[in-house]
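**Student:** Sharing work_35.cif here; it has mmCIF, C-alpha atoms and all ligand atoms.
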data_query
loop_
_atom_site.label_atom_id
_atom_site.label_comp_id
_atom_site.auth_asym_id
_atom_site.auth_seq_id
_atom_site.Cartn_x
_atom_site.Cartn_y
_atom_site.Cartn_z
CA MET A 1 -12.01 14.83 18.74
CA SER A 2 -14.27 16.78 16.43
CA ALA A 3 -13.41 17.28 12.76
CA LEU A 4 -10.44 19.51 11.98
CA PRO A 5 -11.84 22.64 10.34
CA PRO A 6 -10.64 23.96 6.97
CA GLY A 7 -7.34 25.75 7.47
CA SER A 8 -5.98 22.98 9.69
CA VAL A 9 -2.64 21.40 8.87
CA ILE A 10 -2.07 17.72 8.17
CA GLY A 11 1.49 16.54 8.68
CA ILE A 12 2.63 13.80 6.30
CA LEU A 13 5.71 11.65 6.87
CA GLY A 14 7.18 10.87 3.46
CA GLY A 15 7.22 13.04 0.36
CA GLY A 16 6.72 10.67 -2.60
CA GLN A 17 3.90 10.52 -5.12
CA LEU A 18 1.41 9.23 -2.56
CA ALA A 19 2.03 12.24 -0.33
CA ARG A 20 1.81 14.49 -3.38
CA MET A 21 -1.61 13.12 -4.28
CA LEU A 22 -2.76 13.38 -0.65
CA VAL A 23 -1.81 17.07 -0.66
CA LEU A 24 -3.70 17.62 -3.93
CA ALA A 25 -6.80 15.94 -2.45
CA ALA A 26 -6.61 17.94 0.79
CA ALA A 27 -6.65 21.28 -1.03
CA PRO A 28 -10.33 21.25 -2.16
CA LEU A 29 -11.32 20.60 1.48
CA GLY A 30 -9.41 23.71 2.54
CA LEU A 31 -6.86 21.64 4.45
CA LYS A 32 -3.13 22.33 4.23
CA CYS A 33 -0.29 19.81 4.35
CA HIS A 34 3.16 19.97 5.86
CA ILE A 35 5.57 17.31 4.61
CA PHE A 36 8.43 15.71 6.55
CA ALA A 37 10.87 13.81 4.31
CA PRO A 38 14.59 13.08 4.19
CA GLU A 39 14.99 13.65 0.42
CA THR A 40 15.51 17.24 -0.75
CA ASP A 41 13.75 16.67 -4.09
CA SER A 42 10.57 15.00 -2.78
CA PRO A 43 7.70 15.21 -5.34
CA ALA A 44 5.22 16.31 -2.65
CA PHE A 45 7.23 19.46 -1.86
CA GLN A 46 6.19 20.96 -5.23
CA VAL A 47 2.53 21.12 -4.18
CA SER A 48 2.48 21.38 -0.37
CA ALA A 49 2.06 24.50 1.74
CA SER A 50 5.29 23.76 3.61
CA HIS A 51 7.88 21.06 4.15
CA MET A 52 10.95 20.16 6.15
CA VAL A 53 13.90 18.00 5.19
CA ALA A 54 15.17 15.83 8.05
CA GLN A 55 15.83 12.23 9.03
CA TYR A 56 13.09 10.22 10.77
CA THR A 57 15.53 9.65 13.64
CA ASP A 58 15.99 13.40 14.26
CA GLU A 59 13.87 13.97 17.37
CA SER A 60 14.32 17.72 17.48
CA ALA A 61 13.07 17.92 13.87
CA LEU A 62 10.11 15.68 14.74
CA LEU A 63 9.34 17.94 17.72
CA GLU A 64 9.35 21.00 15.49
CA PHE A 65 7.19 19.20 12.90
CA ALA A 66 4.62 18.16 15.52
CA ALA A 67 4.32 21.75 16.74
CA GLU A 68 3.35 22.88 13.24
CA VAL A 69 0.60 20.35 12.48
CA ASP A 70 -2.81 19.31 13.87
CA VAL A 71 -2.62 15.62 12.99
CA VAL A 72 0.05 13.34 11.53
CA THR A 73 -0.20 10.61 8.91
CA TYR A 74 2.31 8.78 6.70
CA GLU A 75 2.51 7.79 3.07
CA PHE A 76 4.56 4.60 3.33
CA GLU A 77 4.95 1.75 5.79
CA ASN A 78 8.69 1.84 6.15
CA VAL A 79 8.63 4.93 8.37
CA PRO A 80 10.42 3.88 11.58
CA VAL A 81 7.90 2.89 14.27
CA ALA A 82 10.03 4.81 16.78
CA ALA A 83 9.36 8.08 14.91
CA VAL A 84 5.62 7.42 14.95
CA GLU A 85 5.67 6.48 18.65
CA PHE A 86 7.58 9.69 19.40
CA LEU A 87 5.03 11.78 17.47
CA GLU A 88 2.07 9.98 19.08
CA LYS A 89 3.03 11.55 22.40
CA LEU A 90 2.65 14.99 20.83
CA LYS A 91 -0.16 14.82 18.27
CA PRO A 92 -2.68 12.26 17.03
CA VAL A 93 -1.04 9.96 14.48
CA ARG A 94 -3.45 8.20 12.12
CA PRO A 95 -3.17 5.33 11.44
CA GLY A 96 -1.19 4.72 14.62
CA SER A 97 1.91 2.72 15.49
CA LYS A 98 -0.08 -0.50 16.04
CA ALA A 99 -1.11 -0.78 12.38
CA LEU A 100 2.35 0.33 11.27
CA SER A 101 4.18 -2.32 13.29
CA VAL A 102 1.93 -5.08 11.90
CA ALA A 103 2.32 -3.91 8.31
CA GLN A 104 6.12 -3.78 8.69
CA ASP A 105 6.34 -7.42 9.68
CA ARG A 106 5.14 -10.13 7.31
CA LEU A 107 4.80 -12.64 10.17
CA LYS A 108 2.56 -10.34 12.25
CA GLU A 109 0.58 -9.61 9.10
CA LYS A 110 -0.01 -13.28 8.37
CA TRP A 111 -1.05 -13.96 11.97
CA LEU A 112 -3.47 -11.05 11.91
CA ALA A 113 -5.09 -12.51 8.77
CA ARG A 114 -5.24 -15.99 10.32
CA ASP A 115 -6.78 -14.53 13.50
CA MET A 116 -9.53 -13.09 11.31
CA GLY A 117 -10.22 -16.59 10.04
CA ALA A 118 -8.67 -15.79 6.66
CA MET A 119 -6.50 -18.14 4.64
CA THR A 120 -2.91 -17.19 3.82
CA ALA A 121 -0.09 -19.00 2.06
CA ASP A 122 1.54 -21.63 4.32
CA PHE A 123 4.42 -19.95 6.08
CA THR A 124 7.22 -20.34 8.59
CA SER A 125 9.85 -17.98 9.93
CA VAL A 126 13.46 -18.57 8.88
CA ASP A 127 16.29 -16.82 10.70
CA SER A 128 19.36 -18.59 9.33
CA LEU A 129 20.64 -20.66 6.43
CA GLU A 130 20.51 -23.75 8.66
CA GLU A 131 16.84 -23.14 9.43
CA LEU A 132 16.10 -22.67 5.75
CA ARG A 133 17.85 -25.98 4.95
CA LYS A 134 15.73 -27.74 7.60
CA ARG A 135 12.40 -26.20 6.55
CA ALA A 136 12.47 -25.73 2.77
CA GLY A 137 10.82 -28.65 1.01
CA LEU A 138 9.79 -30.26 4.33
CA MET A 139 7.64 -27.77 6.25
CA ILE A 140 6.90 -25.74 3.15
CA GLU A 141 6.75 -27.62 -0.15
CA TYR A 142 8.40 -26.42 -3.34
CA PRO A 143 7.87 -24.11 -5.11
CA SER A 144 8.11 -21.56 -2.32
CA ILE A 145 9.06 -17.93 -1.86
CA LEU A 146 11.52 -16.59 0.66
CA LYS A 147 10.94 -12.97 1.69
CA THR A 148 12.61 -10.67 4.19
CA THR A 149 10.22 -10.36 7.12
CA ARG A 150 10.63 -6.61 7.17
CA LEU A 151 11.10 -3.75 4.71
CA GLY A 152 10.18 -5.53 1.49
CA TYR A 153 8.17 -3.95 -1.33
CA ASP A 154 7.58 -4.41 -5.07
CA GLY A 155 9.21 -7.84 -4.96
CA LYS A 156 12.43 -6.51 -3.39
CA GLY A 157 14.03 -8.89 -0.88
CA GLN A 158 12.31 -11.97 -2.37
CA ALA A 159 13.57 -15.19 -3.94
CA LYS A 160 11.72 -18.16 -5.39
CA LEU A 161 12.80 -21.70 -4.54
CA HIS A 162 12.05 -24.56 -6.92
CA SER A 163 14.30 -27.16 -5.28
CA GLU A 164 17.05 -27.68 -2.71
CA SER A 165 19.59 -26.31 -5.19
CA ASP A 166 18.04 -22.81 -4.84
CA ILE A 167 18.52 -22.60 -1.06
CA ASP A 168 21.94 -20.94 -0.89
CA ALA A 169 21.14 -18.33 -3.55
CA ALA A 170 17.77 -17.51 -1.95
CA TRP A 171 19.35 -17.04 1.47
CA ALA A 172 21.98 -14.72 -0.06
CA VAL A 173 19.15 -12.41 -1.23
CA MET A 174 18.03 -12.07 2.42
CA LYS A 175 21.45 -10.62 3.39
CA ASN A 176 21.19 -12.43 6.75
CA GLN A 177 17.98 -10.65 7.69
CA PRO A 178 15.12 -12.58 9.33
CA ALA A 179 12.90 -14.07 6.65
CA ILE A 180 9.59 -15.80 6.06
CA LEU A 181 9.27 -18.84 3.81
CA GLU A 182 5.91 -18.96 2.06
CA GLY A 183 4.25 -21.74 0.10
CA PHE A 184 3.47 -20.74 -3.47
CA VAL A 185 -0.21 -19.97 -3.99
CA HIS A 186 -1.37 -21.05 -7.44
CA PHE A 187 -3.85 -18.23 -7.78
CA ASP A 188 -6.08 -17.26 -10.69
CA ARG A 189 -5.87 -13.53 -10.07
CA GLU A 190 -4.82 -10.88 -7.58
CA ILE A 191 -7.24 -8.38 -6.09
CA SER A 192 -7.12 -5.68 -3.47
CA VAL A 193 -9.65 -3.94 -1.29
CA ILE A 194 -9.13 -0.25 -0.57
CA CYS A 195 -11.15 0.74 2.45
CA ALA A 196 -11.28 3.40 5.12
CA ARG A 197 -12.15 3.61 8.78
CA GLY A 198 -13.03 6.90 10.40
CA VAL A 199 -12.19 8.28 13.85
CA ASP A 200 -15.72 7.24 14.93
CA GLY A 201 -15.27 3.66 13.66
CA ALA A 202 -17.32 4.20 10.49
CA PHE A 203 -16.23 1.99 7.61
CA ALA A 204 -16.39 2.35 3.84
CA ALA A 205 -14.84 0.23 1.09
CA TYR A 206 -14.36 0.66 -2.63
CA GLU A 207 -15.12 -2.30 -4.86
CA PRO A 208 -12.38 -4.92 -5.08
CA THR A 209 -9.82 -4.16 -7.78
CA GLU A 210 -8.14 -6.69 -10.06
CA ASN A 211 -4.38 -6.18 -10.22
CA VAL A 212 -1.83 -7.36 -12.76
CA HIS A 213 1.87 -7.15 -11.92
CA ARG A 214 4.89 -7.06 -14.22
CA ASN A 215 8.30 -7.82 -12.72
CA HIS A 216 6.66 -7.63 -9.26
CA ILE A 217 5.48 -4.05 -9.87
CA LEU A 218 1.82 -3.20 -10.34
CA HIS A 219 1.05 -2.76 -14.04
CA THR A 220 -2.75 -2.38 -14.22
CA SER A 221 -5.73 -2.21 -11.87
CA THR A 222 -9.12 -2.96 -13.39
CA VAL A 223 -12.54 -2.29 -11.93
CA PRO A 224 -14.91 -4.05 -11.98
CA ALA A 225 -12.80 -7.11 -11.17
CA VAL A 226 -13.80 -10.54 -12.45
CA LEU A 227 -14.83 -11.97 -9.09
CA ASP A 228 -17.63 -14.06 -7.55
CA VAL A 229 -19.89 -11.79 -5.56
CA GLU A 230 -19.46 -14.02 -2.46
CA LEU A 231 -15.67 -13.60 -2.64
CA ALA A 232 -16.04 -9.85 -3.10
CA ILE A 233 -18.22 -9.67 0.02
CA GLU A 234 -15.78 -11.87 1.97
CA ALA A 235 -12.81 -9.72 0.93
CA VAL A 236 -14.51 -6.54 2.13
CA TYR A 237 -15.65 -8.25 5.35
CA LEU A 238 -12.08 -9.39 6.11
CA ALA A 239 -10.74 -5.91 5.41
CA GLN A 240 -13.28 -4.43 7.81
CA ARG A 241 -12.41 -6.91 10.56
CA MET A 242 -8.72 -6.12 10.16
CA ALA A 243 -9.37 -2.37 10.27
CA ASP A 244 -11.49 -2.77 13.41
CA THR A 245 -8.92 -5.03 15.10
CA LEU A 246 -6.12 -2.55 14.39
CA GLU A 247 -8.34 0.34 15.64
CA TYR A 248 -7.42 1.77 12.31
CA VAL A 249 -8.02 5.35 11.15
CA GLY A 250 -7.36 6.17 7.49
CA VAL A 251 -7.23 4.28 4.21
CA LEU A 252 -6.12 0.66 4.41
CA ALA A 253 -5.25 -1.59 1.46
CA VAL A 254 -5.57 -5.37 1.72
CA GLU A 255 -4.14 -7.52 -1.08
CA PHE A 256 -5.51 -10.98 -1.81
CA PHE A 257 -4.77 -13.93 -4.07
CA VAL A 258 -7.91 -15.45 -5.56
CA GLY A 259 -8.05 -19.18 -6.23
CA ALA A 260 -11.00 -21.31 -7.25
CA HIS A 261 -13.66 -20.18 -4.75
CA SER A 262 -11.04 -19.14 -2.22
CA LEU A 263 -9.29 -16.03 -0.99
CA TYR A 264 -5.82 -15.79 0.53
CA VAL A 265 -4.65 -12.63 2.26
CA ASN A 266 -1.24 -11.67 0.83
CA GLU A 267 -0.42 -8.42 2.62
CA ILE A 268 -1.77 -5.17 3.98
CA ALA A 269 -0.59 -1.60 3.43
CA PRO A 270 -1.50 0.99 6.10
CA ARG A 271 -1.85 3.78 3.57
CA VAL A 272 -3.26 4.87 0.26
CA HIS A 273 -2.21 2.33 -2.34
CA ASN A 274 -1.22 2.16 -6.00
CA SER A 275 -4.12 -0.22 -6.66
CA GLY A 276 -6.52 2.51 -5.48
CA HIS A 277 -5.40 5.19 -7.94
CA TRP A 278 -8.37 4.39 -10.19
CA THR A 279 -10.67 6.07 -7.61
CA GLN A 280 -9.28 9.46 -8.69
CA ASP A 281 -11.23 9.39 -11.94
CA ALA A 282 -13.95 6.76 -11.39
CA CYS A 283 -15.36 7.91 -8.03
CA VAL A 284 -16.55 11.22 -6.61
CA VAL A 285 -14.31 10.80 -3.56
CA SER A 286 -10.87 9.36 -4.31
CA GLN A 287 -8.85 7.20 -1.91
CA PHE A 288 -6.68 10.26 -1.29
CA GLU A 289 -9.57 12.48 -0.24
CA GLN A 290 -10.97 9.55 1.77
CA HIS A 291 -7.70 9.26 3.69
CA ILE A 292 -7.60 13.00 4.35
CA ARG A 293 -11.24 12.90 5.49
CA SER A 294 -10.52 9.98 7.85
CA VAL A 295 -7.41 11.39 9.48
CA ALA A 296 -9.00 14.85 9.82
CA GLY A 297 -12.00 13.32 11.60
CA TRP A 298 -14.39 14.21 8.77
CA PRO A 299 -17.27 11.96 7.71
CA LEU A 300 -16.16 9.33 5.20
CA GLY A 301 -17.03 10.07 1.57
CA ALA A 302 -19.01 7.98 -0.91
CA THR A 303 -17.15 5.03 -2.44
CA PHE A 304 -19.61 4.63 -5.32
CA ARG A 305 -17.96 4.05 -8.71
CA HIS A 306 -19.55 5.98 -11.59
CA SER A 307 -17.38 4.55 -14.41
CA ASP A 308 -15.57 1.41 -15.41
CA VAL A 309 -11.84 2.01 -15.26
CA VAL A 310 -8.39 0.62 -15.98
CA MET A 311 -5.43 2.24 -14.22
CA THR A 312 -2.03 1.78 -15.90
CA ASN A 313 1.26 2.70 -14.24
CA LEU A 314 3.89 4.65 -16.18
CA LEU A 315 7.34 3.33 -15.29
CA GLY A 316 10.61 4.90 -16.37
CA ASP A 317 10.51 6.27 -19.93
CA GLU A 318 6.87 5.16 -20.43
CA ALA A 319 5.99 8.58 -19.04
CA ASP A 320 7.67 10.18 -22.08
CA ALA A 321 4.41 9.40 -23.90
CA TRP A 322 2.65 12.13 -21.86
CA GLU A 323 1.72 14.21 -24.89
CA LYS A 324 0.10 11.31 -26.71
CA LEU A 325 -1.73 10.32 -23.53
CA ALA A 326 -2.85 13.90 -22.89
CA ASN A 327 -4.47 13.85 -26.33
CA GLN A 328 -6.72 10.91 -25.55
CA PRO A 329 -10.31 11.38 -24.42
CA ASN A 330 -11.62 9.67 -21.25
CA LEU A 331 -8.15 9.44 -19.81
CA GLY A 332 -7.05 10.95 -16.51
CA LEU A 333 -3.30 11.56 -16.58
CA HIS A 334 -1.35 11.85 -13.33
CA LEU A 335 2.36 12.66 -13.47
CA TYR A 336 4.45 12.78 -10.32
CA GLY A 337 6.87 15.62 -11.17
CA LYS A 338 9.97 13.46 -10.69
CA ALA A 339 13.04 15.03 -12.28
CA GLU A 340 14.93 11.82 -12.85
CA SER A 341 13.51 8.84 -14.76
CA ARG A 342 15.01 5.41 -14.05
CA PRO A 343 13.96 2.00 -15.40
CA GLY A 344 11.13 0.67 -13.21
CA ARG A 345 10.66 3.97 -11.35
CA LYS A 346 7.02 5.01 -10.93
CA MET A 347 6.74 8.28 -12.89
CA GLY A 348 2.97 8.54 -13.23
CA HIS A 349 -0.19 6.64 -14.10
CA TYR A 350 -3.35 7.09 -16.12
CA ASN A 351 -6.94 6.06 -15.60
CA ARG A 352 -8.90 5.18 -18.72
CA ILE A 353 -12.59 5.45 -17.91
CA THR A 354 -15.55 4.13 -19.87
CA PRO A 355 -19.26 4.32 -19.06
CA ARG A 356 -20.24 1.92 -16.31
CA GLN A 357 -21.76 -1.30 -17.62
CA GLY A 358 -24.34 -2.49 -15.14
P1 LIG B 401 4.51 -9.16 -2.11
O1 LIG B 401 5.68 -8.25 -1.98
O2 LIG B 401 4.36 -10.12 -0.99
O3 LIG B 401 3.22 -8.45 -2.44
O4 LIG B 401 4.80 -10.07 -3.43
C1 LIG B 401 4.87 -9.47 -4.72
C2 LIG B 401 4.19 -10.36 -5.72
O5 LIG B 401 4.83 -11.67 -5.76
C3 LIG B 401 2.73 -10.67 -5.42
O6 LIG B 401 1.88 -9.63 -5.88
C4 LIG B 401 2.53 -11.97 -6.17
O7 LIG B 401 2.35 -11.73 -7.56
C5 LIG B 401 3.85 -12.68 -5.95
N1 LIG B 401 3.78 -13.52 -4.74
C6 LIG B 401 4.13 -13.14 -3.49
N2 LIG B 401 3.91 -14.14 -2.60
C7 LIG B 401 3.40 -15.17 -3.28
C8 LIG B 401 2.97 -16.50 -2.92
N3 LIG B 401 3.04 -16.95 -1.65
N4 LIG B 401 2.48 -17.30 -3.90
C9 LIG B 401 2.43 -16.87 -5.18
N5 LIG B 401 2.84 -15.63 -5.59
C10 LIG B 401 3.32 -14.79 -4.67
#
What does this structure look like when you write it as structure tokens?
Ligand code: AMP

**Tutor:**
Amino acid sequence: MSALPPGSVIGILGGGQLARMLVLAAAPLGLKCHIFAPETDSPAFQVSASHMVAQYTDESALLEFAAEVDVVTYEFENVPVAAVEFLEKLKPVRPGSKALSVAQDRLKEKWLARDMGAMTADFTSVDSLEELRKRAGLMIEYPSILKTTRLGYDGKGQAKLHSESDIDAAWAVMKNQPAILEGFVHFDREISVICARGVDGAFAAYEPTENVHRNHILHTSTVPAVLDVELAIEAVYLAQRMADTLEYVGVLAVEFFVGAHSLYVNEIAPRVHNSGHWTQDACVVSQFEQHIRSVAGWPLGATFRHSDVVMTNLLGDEADAWEKLANQPNLGLHLYGKAESRPGRKMGHYNRITPRQG
């Protein structure tokens, strides 16, 4: 397919801040967005050309949505695969259901990384309390982390095990859902690679980003990351192999743990990612524009970074400091237009840029 011309409509499943920033990045390219989301107060509705409120299981709504768009993408990986498979019969969906089904399943994700020759934490599947009792401490040494295989994010559905006495409580967190037990990686730092693959198979990656979490939620992303150049090259190479294997189209985020001279793949996200928000103010083409370019069949944009940058998330009432932040030079402020602030809720972020050193 040739590139979608300006005036075309990109359909986005999900209406949160990521969709909102995709819409804002599509506008300068003359592309319009149509949002499909179940929540009536979705932040993306405030800025998009059109939207519809419906459940992802509502096939007649999906049919109507498909008729109104030229291509479909999604802003989060918990969109039901069935909805994407349904839409794929009607319009191109980028990235497709293959990438989505891998990203929704921590076991498939780990096997994909291993197939690429990458290291991951040791892991085993655990489907019952009995299995956990048999495997914890024996197959996977303590400390370890138990995670729901599906539908986990920002540390939700996870429990750490230090000894046998933690088994019952950890299993209770899983609420009887299938789980994965992971060995604890004693890493020095966490990084991610934000990359993109075009319809024609072209590939482009931003520099690896160093990420710091607080209470399992991203706090800051810093670029340049403190990272051996060999590990940076390996991280980008692994991301490219994964994107190629998944026949991926769009922006892909790959998160890694970094140990002494070693990389471990933690997880992938088939979408624009919080750890790529720094590209909005430190690069000519942001991850959001890059995703729009990819899914619309446009050439990929430059990933060159013109400034050093630290991105900081604003959670809950931290966003109340907007006026003070707006007064600071060299700071790109991005607020998500959410009416209700709750502790831990992502309300916005800012990018503090400084001249590039070297
Ligand atoms: P996840 O939802 O898998 O990204 O996990 C959230 C955070 O928990 C990660 O960013 C790490 O800080 C930590 N974490 C997850 N898995 C492991 C592991 N196997 N070893 C050490 N820390 C982990």

**Student:** Would you mind telling me which residue in A:Leu146, A:Val229, A:Ala204, A:Cys283 lies nearest to ligand LIG 401 (chain B) when using all atoms listed in the file?

**Tutor:**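 Closest to ligand LIG 401 (chain B) of all the choices is A:Leu146.
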
**Student:** Could you list, as an MDAnalysis selection string, all the residues within 9 Å of ligand LIG 401 (chain B), counting all atoms listed in the file?

**Tutor:** chainID A and resid 106 120:123 143:147 152:158 181:187 189:190 211:218 255:257 266:268

**Student:** Excluding A:Leu63 and residues on its chain fewer than 5 positions from it, collect all residues at most 12 Å away from it, counting only C-alpha atoms, and give them as a list in words.

**Tutor:** Phe36, Met52, Ala54, Tyr56, Thr57, Asp58, Glu68, Val69, Ala83, Val84, Phe86, Leu87, Glu88, Lys89, Leu90 and Lys91 of chain A

**Student:** Using all atoms listed in the file, find the one residue out of A:Met21, A:Leu238, A:Val223, A:Val272 that sits nearest to A:Ala113.

**Tutor:**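 Of the candidates, the smallest distance to A:Ala113 is held by A:Leu238.
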
**Student:** Nearest to A:Ser294: which of A:Asp281, A:Glu247, A:Asp200, A:Asp105 is it, counting only C-alpha atoms?

**Tutor:** A:Asp200

**Student:** Calculated over all atoms listed in the file, which of the candidates A:Ile167, A:Leu4, A:Met116, A:Ala66 has the smallest distance to A:Gly137?

**Tutor:**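 The closest residue to A:Gly137 is A:Ile167.
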
**Student:** So, with all atoms listed in the file as the atoms that count, which of A:Ala196, A:Leu227, A:Leu18, A:Ala172 lies closest to A:Asn274?

**Tutor:**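 For A:Asn274, the nearest of the candidates is A:Leu18.
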
**Student:** Compile the contact shell of A:Gln280 as a PyMOL selection string: residues with an atom at most 9 Å away, counting all atoms listed in the file, same-chain residues fewer than 5 positions apart removed.

**Tutor:** chain A and resi 285-289+332+351

**Student:** Quick one: of A:Ala260, A:Ile292, A:Leu314, A:Ala159, who's nearest to A:Ser8, counting only C-alpha atoms?

**Tutor:**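 The shortest atom-to-atom distance to A:Ser8 comes from A:Ile292.
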